[in-house]
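Dumped structure.cif below, it's mmCIF, C-alpha atoms and all ligand atoms:
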```cif
data_start
#
loop_
_atom_site.label_atom_id
_atom_site.label_comp_id
_atom_site.auth_asym_id
_atom_site.auth_seq_id
_atom_site.Cartn_x
_atom_site.Cartn_y
_atom_site.Cartn_z
CA MET C 1 -66.17 135.38 15.68
CA PRO C 2 -68.01 132.08 16.35
CA ILE C 3 -69.90 131.64 19.61
CA ALA C 4 -69.78 128.25 21.29
CA TYR C 5 -71.72 127.06 24.30
CA LEU C 6 -70.03 124.58 26.62
CA LEU C 7 -71.33 122.55 29.53
CA LEU C 8 -68.98 121.87 32.42
CA GLY C 9 -69.78 119.09 34.85
CA SER C 10 -68.07 117.60 37.88
CA ASN C 11 -69.11 115.05 40.47
CA LEU C 12 -65.83 114.08 42.09
CA GLY C 13 -63.51 115.98 44.44
CA ASP C 14 -63.83 119.71 45.05
CA ARG C 15 -66.37 120.30 42.30
CA THR C 16 -66.54 124.10 42.66
CA ALA C 17 -62.76 124.53 42.56
CA THR C 18 -62.55 122.18 39.58
CA LEU C 19 -65.14 124.19 37.63
CA GLN C 20 -63.47 127.51 38.54
CA ALA C 21 -60.10 126.23 37.31
CA ALA C 22 -61.67 124.90 34.11
CA VAL C 23 -63.33 128.27 33.37
CA ALA C 24 -59.97 130.01 33.81
CA GLU C 25 -58.17 127.52 31.58
CA LEU C 26 -60.81 127.60 28.83
CA GLY C 27 -60.75 131.41 28.93
CA ARG C 28 -57.06 131.15 28.03
CA THR C 29 -57.25 128.28 25.54
CA ALA C 30 -60.67 128.51 23.87
CA GLY C 31 -61.27 132.27 23.92
CA PRO C 32 -63.01 134.94 25.98
CA ILE C 33 -65.78 133.64 28.24
CA THR C 34 -68.55 136.12 27.47
CA ALA C 35 -71.20 134.57 29.74
CA ALA C 36 -71.30 132.00 32.52
CA SER C 37 -74.33 130.47 34.21
CA GLY C 38 -74.59 129.83 37.90
CA LEU C 39 -73.71 126.42 39.33
CA TYR C 40 -76.50 123.84 39.25
CA GLU C 41 -76.38 120.77 41.48
CA THR C 42 -78.26 117.93 39.82
CA ALA C 43 -78.70 114.21 40.30
CA ALA C 44 -76.58 112.08 37.97
CA TRP C 45 -78.12 111.29 34.58
CA GLY C 46 -77.11 108.00 32.97
CA LEU C 47 -75.48 105.90 35.68
CA THR C 48 -77.59 107.24 38.52
CA GLU C 49 -75.72 105.48 41.35
CA GLN C 50 -73.05 108.16 41.58
CA PRO C 51 -72.55 111.50 43.33
CA ALA C 52 -74.57 114.54 42.29
CA PHE C 53 -73.04 116.80 39.64
CA LEU C 54 -72.31 120.49 39.63
CA ASN C 55 -73.01 121.86 36.16
CA GLN C 56 -72.27 125.22 34.59
CA ALA C 57 -72.81 126.54 31.05
CA LEU C 58 -70.36 128.91 29.37
CA GLU C 59 -70.56 131.15 26.29
CA VAL C 60 -67.18 131.36 24.55
CA GLN C 61 -66.16 133.69 21.72
CA THR C 62 -63.74 131.39 19.98
CA SER C 63 -61.49 131.58 16.92
CA LEU C 64 -60.84 127.84 17.23
CA SER C 65 -62.32 125.35 14.77
CA PRO C 66 -64.74 122.80 16.25
CA ALA C 67 -61.97 120.19 16.29
CA GLN C 68 -59.55 122.59 17.98
CA LEU C 69 -62.23 123.55 20.52
CA LEU C 70 -62.83 119.86 21.27
CA ALA C 71 -59.10 119.43 21.86
CA ALA C 72 -59.11 122.36 24.30
CA CYS C 73 -62.07 120.79 26.15
CA LEU C 74 -60.31 117.41 26.36
CA ALA C 75 -57.13 119.13 27.60
CA ALA C 76 -59.08 120.84 30.38
CA GLU C 77 -60.56 117.46 31.37
CA GLN C 78 -57.09 115.91 31.49
CA HIS C 79 -55.66 118.80 33.53
CA ALA C 80 -58.46 118.20 36.03
CA GLY C 81 -57.24 114.61 36.34
CA ARG C 82 -60.04 112.91 34.44
CA GLN C 83 -59.81 109.14 34.18
CA ARG C 84 -62.27 107.66 31.69
CA LEU C 85 -63.02 104.55 33.73
CA VAL C 86 -66.70 103.90 33.13
CA ARG C 87 -68.86 105.40 30.41
CA TRP C 88 -71.21 107.85 32.06
CA GLY C 89 -69.43 107.19 35.33
CA SER C 90 -68.19 109.72 37.86
CA ARG C 91 -65.61 112.23 36.68
CA THR C 92 -63.64 115.13 38.07
CA LEU C 93 -64.49 117.21 34.99
CA ASP C 94 -66.52 116.82 31.85
CA VAL C 95 -66.61 119.54 29.19
CA ASP C 96 -69.20 119.08 26.44
CA ILE C 97 -69.65 121.34 23.42
CA LEU C 98 -73.41 121.96 23.26
CA LEU C 99 -73.62 124.42 20.34
CA TYR C 100 -71.10 126.00 17.95
CA ASP C 101 -72.74 128.84 16.07
CA ASP C 102 -75.34 127.31 13.74
CA LEU C 103 -73.09 124.40 12.83
CA VAL C 104 -74.53 120.91 12.37
CA LEU C 105 -71.73 118.34 12.36
CA ASP C 106 -71.75 114.56 12.61
CA THR C 107 -68.30 112.97 12.74
CA PRO C 108 -67.07 110.00 14.77
CA THR C 109 -65.31 112.34 17.19
CA LEU C 110 -67.72 115.27 17.34
CA GLN C 111 -71.45 115.70 16.87
CA LEU C 112 -72.91 119.25 16.89
CA PRO C 113 -75.22 120.28 18.37
CA HIS C 114 -74.65 117.84 21.27
CA PRO C 115 -76.85 114.86 20.33
CA ARG C 116 -78.35 114.42 23.79
CA LEU C 117 -78.96 118.12 24.52
CA PRO C 118 -82.77 117.97 24.00
CA GLU C 119 -83.13 115.16 26.55
CA ARG C 120 -80.80 116.54 29.25
CA ARG C 121 -82.40 119.02 31.60
CA PHE C 122 -79.09 119.26 33.50
CA ALA C 123 -77.63 120.85 30.36
CA LEU C 124 -80.67 122.86 29.23
CA LEU C 125 -81.20 124.56 32.60
CA PRO C 126 -77.79 126.33 32.82
CA LEU C 127 -77.74 126.92 29.05
CA ALA C 128 -81.16 128.60 29.15
CA GLU C 129 -79.88 130.94 31.85
CA ILE C 130 -77.33 132.45 29.43
CA ALA C 131 -78.77 131.63 25.99
CA ALA C 132 -82.53 131.10 26.22
CA ASN C 133 -83.04 132.52 22.73
CA ALA C 134 -80.23 130.64 21.02
CA VAL C 135 -81.65 128.52 18.21
CA HIS C 136 -80.83 124.81 17.91
CA PRO C 137 -79.69 124.67 14.26
CA GLY C 138 -80.85 121.09 13.74
CA LEU C 139 -84.30 121.47 15.31
CA GLY C 140 -85.00 125.15 14.62
CA CYS C 141 -86.34 125.82 18.11
CA THR C 142 -84.87 127.91 20.91
CA VAL C 143 -83.11 126.62 24.00
CA ALA C 144 -86.04 127.91 26.08
CA GLU C 145 -88.42 125.84 23.95
CA LEU C 146 -86.22 122.74 24.33
CA LEU C 147 -86.20 123.24 28.11
CA ALA C 148 -89.98 123.62 28.21
CA GLU C 149 -90.42 120.42 26.20
CA CYS C 150 -87.70 118.36 27.91
CA SER C 151 -89.24 115.31 29.56
CA ASP C 152 -86.12 114.48 31.61
CA GLU C 153 -87.23 114.53 35.25
CA LEU C 154 -84.34 116.41 36.81
CA ALA C 155 -83.78 115.99 40.50
CA VAL C 156 -82.12 119.30 41.36
CA THR C 157 -80.65 118.37 44.72
N1 LIG B 1 -76.56 115.69 36.29
C1 LIG B 1 -75.60 115.27 35.42
N2 LIG B 1 -75.58 113.98 35.04
C2 LIG B 1 -74.62 113.59 34.17
N3 LIG B 1 -74.40 112.35 33.62
C3 LIG B 1 -73.34 112.46 32.82
S1 LIG B 1 -72.70 111.17 31.92
N4 LIG B 1 -72.83 113.72 32.84
C4 LIG B 1 -71.64 114.21 32.13
C5 LIG B 1 -72.02 115.07 30.95
O1 LIG B 1 -72.19 114.28 29.84
C6 LIG B 1 -73.64 114.46 33.67
C7 LIG B 1 -73.67 115.82 34.09
O2 LIG B 1 -72.84 116.65 33.68
N5 LIG B 1 -74.68 116.16 34.96
#
```

Let's see the structure in the file written out as structure tokens.
Amino acid sequence: MPIAYLLLGSNLGDRTATLQAAVAELGRTAGPITAASGLYETAAWGLTEQPAFLNQALEVQTSLSPAQLLAACLAAEQHAGRQRLVRWGSRTLDVDILLYDDLVLDTPTLQLPHPRLPERRFALLPLAEIAANAVHPGLGCTVAELLAECSDELAVT
């Protein structure tokens, strides 16, 4: 069964409760959550003038296709009350698919692995906690190697 790695992020409202509810929902809709990182509080990447994020990485054993998994992630965002107001702006919940097995996909709606994973320490840090030896299928290096090489200066608050 395919293994997917997701990154959950929240910087509005009760961030911890939002992430807990999203983990429960994704466990029902996407498949069994076989690993979960701790919660990492990090300064906002992108539009920096916004509240700090809580991020968490999940390992999911899924029978969903990439497109179906994306739909489950978007549904979890909507159930958390996400309004897409400003690109890279604050949000109650963001669920990104970081890796899906060794799939490399580039469609208008979904790029795999996540195109900005190598430059986002806020994603690499929780992912490395649960999947340090997972290999990035496009780059051929491990998550631990990506983290070691990531130049993003993360302010872990
Ligand atoms: N630290 C941090 N910064 C972010 N900027 C964006 S956009 N996002 C949403 C994920 O794309 C985040 C995030 O999850 N964490």

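With all atoms listed in the file as the atoms that count, the set of residues no farther than 8 Å from ligand LIG 1 (chain B) is Leu7, Leu8, Gly9, Ser10, Asn11, Glu41, Thr42, Ala43, Ala44, Trp45, Gly46, Leu47, Thr48, Ala52, Phe53, Leu54, Asn55, Arg87, Trp88, Gly89, Ser90, Arg91, Asp94, Val95, Asp96, Phe122, Ala123 and Leu154 of chain C.
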
Would you export the selected residues with C-alpha atoms as a PDB file, in the frame of the given file, please?
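This went into result.pdb:
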```pdb
ATOM      1  CA  LEU C   7     -71.330 122.550  29.530  1.00  0.00           C
ATOM      2  CA  LEU C   8     -68.980 121.870  32.420  1.00  0.00           C
ATOM      3  CA  GLY C   9     -69.780 119.090  34.850  1.00  0.00           C
ATOM      4  CA  SER C  10     -68.070 117.600  37.880  1.00  0.00           C
ATOM      5  CA  ASN C  11     -69.110 115.050  40.470  1.00  0.00           C
ATOM      6  CA  GLU C  41     -76.380 120.770  41.480  1.00  0.00           C
ATOM      7  CA  THR C  42     -78.260 117.930  39.820  1.00  0.00           C
ATOM      8  CA  ALA C  43     -78.700 114.210  40.300  1.00  0.00           C
ATOM      9  CA  ALA C  44     -76.580 112.080  37.970  1.00  0.00           C
ATOM     10  CA  TRP C  45     -78.120 111.290  34.580  1.00  0.00           C
ATOM     11  CA  GLY C  46     -77.110 108.000  32.970  1.00  0.00           C
ATOM     12  CA  LEU C  47     -75.480 105.900  35.680  1.00  0.00           C
ATOM     13  CA  THR C  48     -77.590 107.240  38.520  1.00  0.00           C
ATOM     14  CA  ALA C  52     -74.570 114.540  42.290  1.00  0.00           C
ATOM     15  CA  PHE C  53     -73.040 116.800  39.640  1.00  0.00           C
ATOM     16  CA  LEU C  54     -72.310 120.490  39.630  1.00  0.00           C
ATOM     17  CA  ASN C  55     -73.010 121.860  36.160  1.00  0.00           C
ATOM     18  CA  ARG C  87     -68.860 105.400  30.410  1.00  0.00           C
ATOM     19  CA  TRP C  88     -71.210 107.850  32.060  1.00  0.00           C
ATOM     20  CA  GLY C  89     -69.430 107.190  35.330  1.00  0.00           C
ATOM     21  CA  SER C  90     -68.190 109.720  37.860  1.00  0.00           C
ATOM     22  CA  ARG C  91     -65.610 112.230  36.680  1.00  0.00           C
ATOM     23  CA  ASP C  94     -66.520 116.820  31.850  1.00  0.00           C
ATOM     24  CA  VAL C  95     -66.610 119.540  29.190  1.00  0.00           C
ATOM     25  CA  ASP C  96     -69.200 119.080  26.440  1.00  0.00           C
ATOM     26  CA  PHE C 122     -79.090 119.260  33.500  1.00  0.00           C
ATOM     27  CA  ALA C 123     -77.630 120.850  30.360  1.00  0.00           C
ATOM     28  CA  LEU C 154     -84.340 116.410  36.810  1.00  0.00           C
TER      29      LEU C 154
END
```

What residues have an atom no more than 6 Å from (-68.6, 132.0, 17.4) in the file's own frame, counting only C-alpha atoms, and can you write them as an MDAnalysis selection string?
chainID C and resid 1:4 61:62 101

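Among C:Glu119, C:Gln20, C:Ala72, C:Pro66, the residue with the shortest atom-to-atom distance to C:Thr107, counting all atoms listed in the file, is C:Pro66.
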
Would you compute the distance between atom CA of C:Val143 and atom CA of C:Gln56? Give it in Å to one decimal.
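Interatomic distance here is 15.2 Å.
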
With all atoms listed in the file as the counted atoms, please give the residues lying no more than 7 Å from C:Val60, apart from itself and same-chain residues fewer than 3 positions off, as a ChimeraX atom specification.
/C:3-5,31-34

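Compared by their closest atoms to C:Cys73, and using only C-alpha atoms, the residues C:Leu105, C:Leu26, C:Leu98, C:Leu117 rank with C:Leu26 nearest.
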
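Compared by their closest atoms to C:Pro137, and using all atoms listed in the file, the residues C:Asp102, C:Pro118, C:Leu125, C:Arg82 rank with C:Asp102 nearest.
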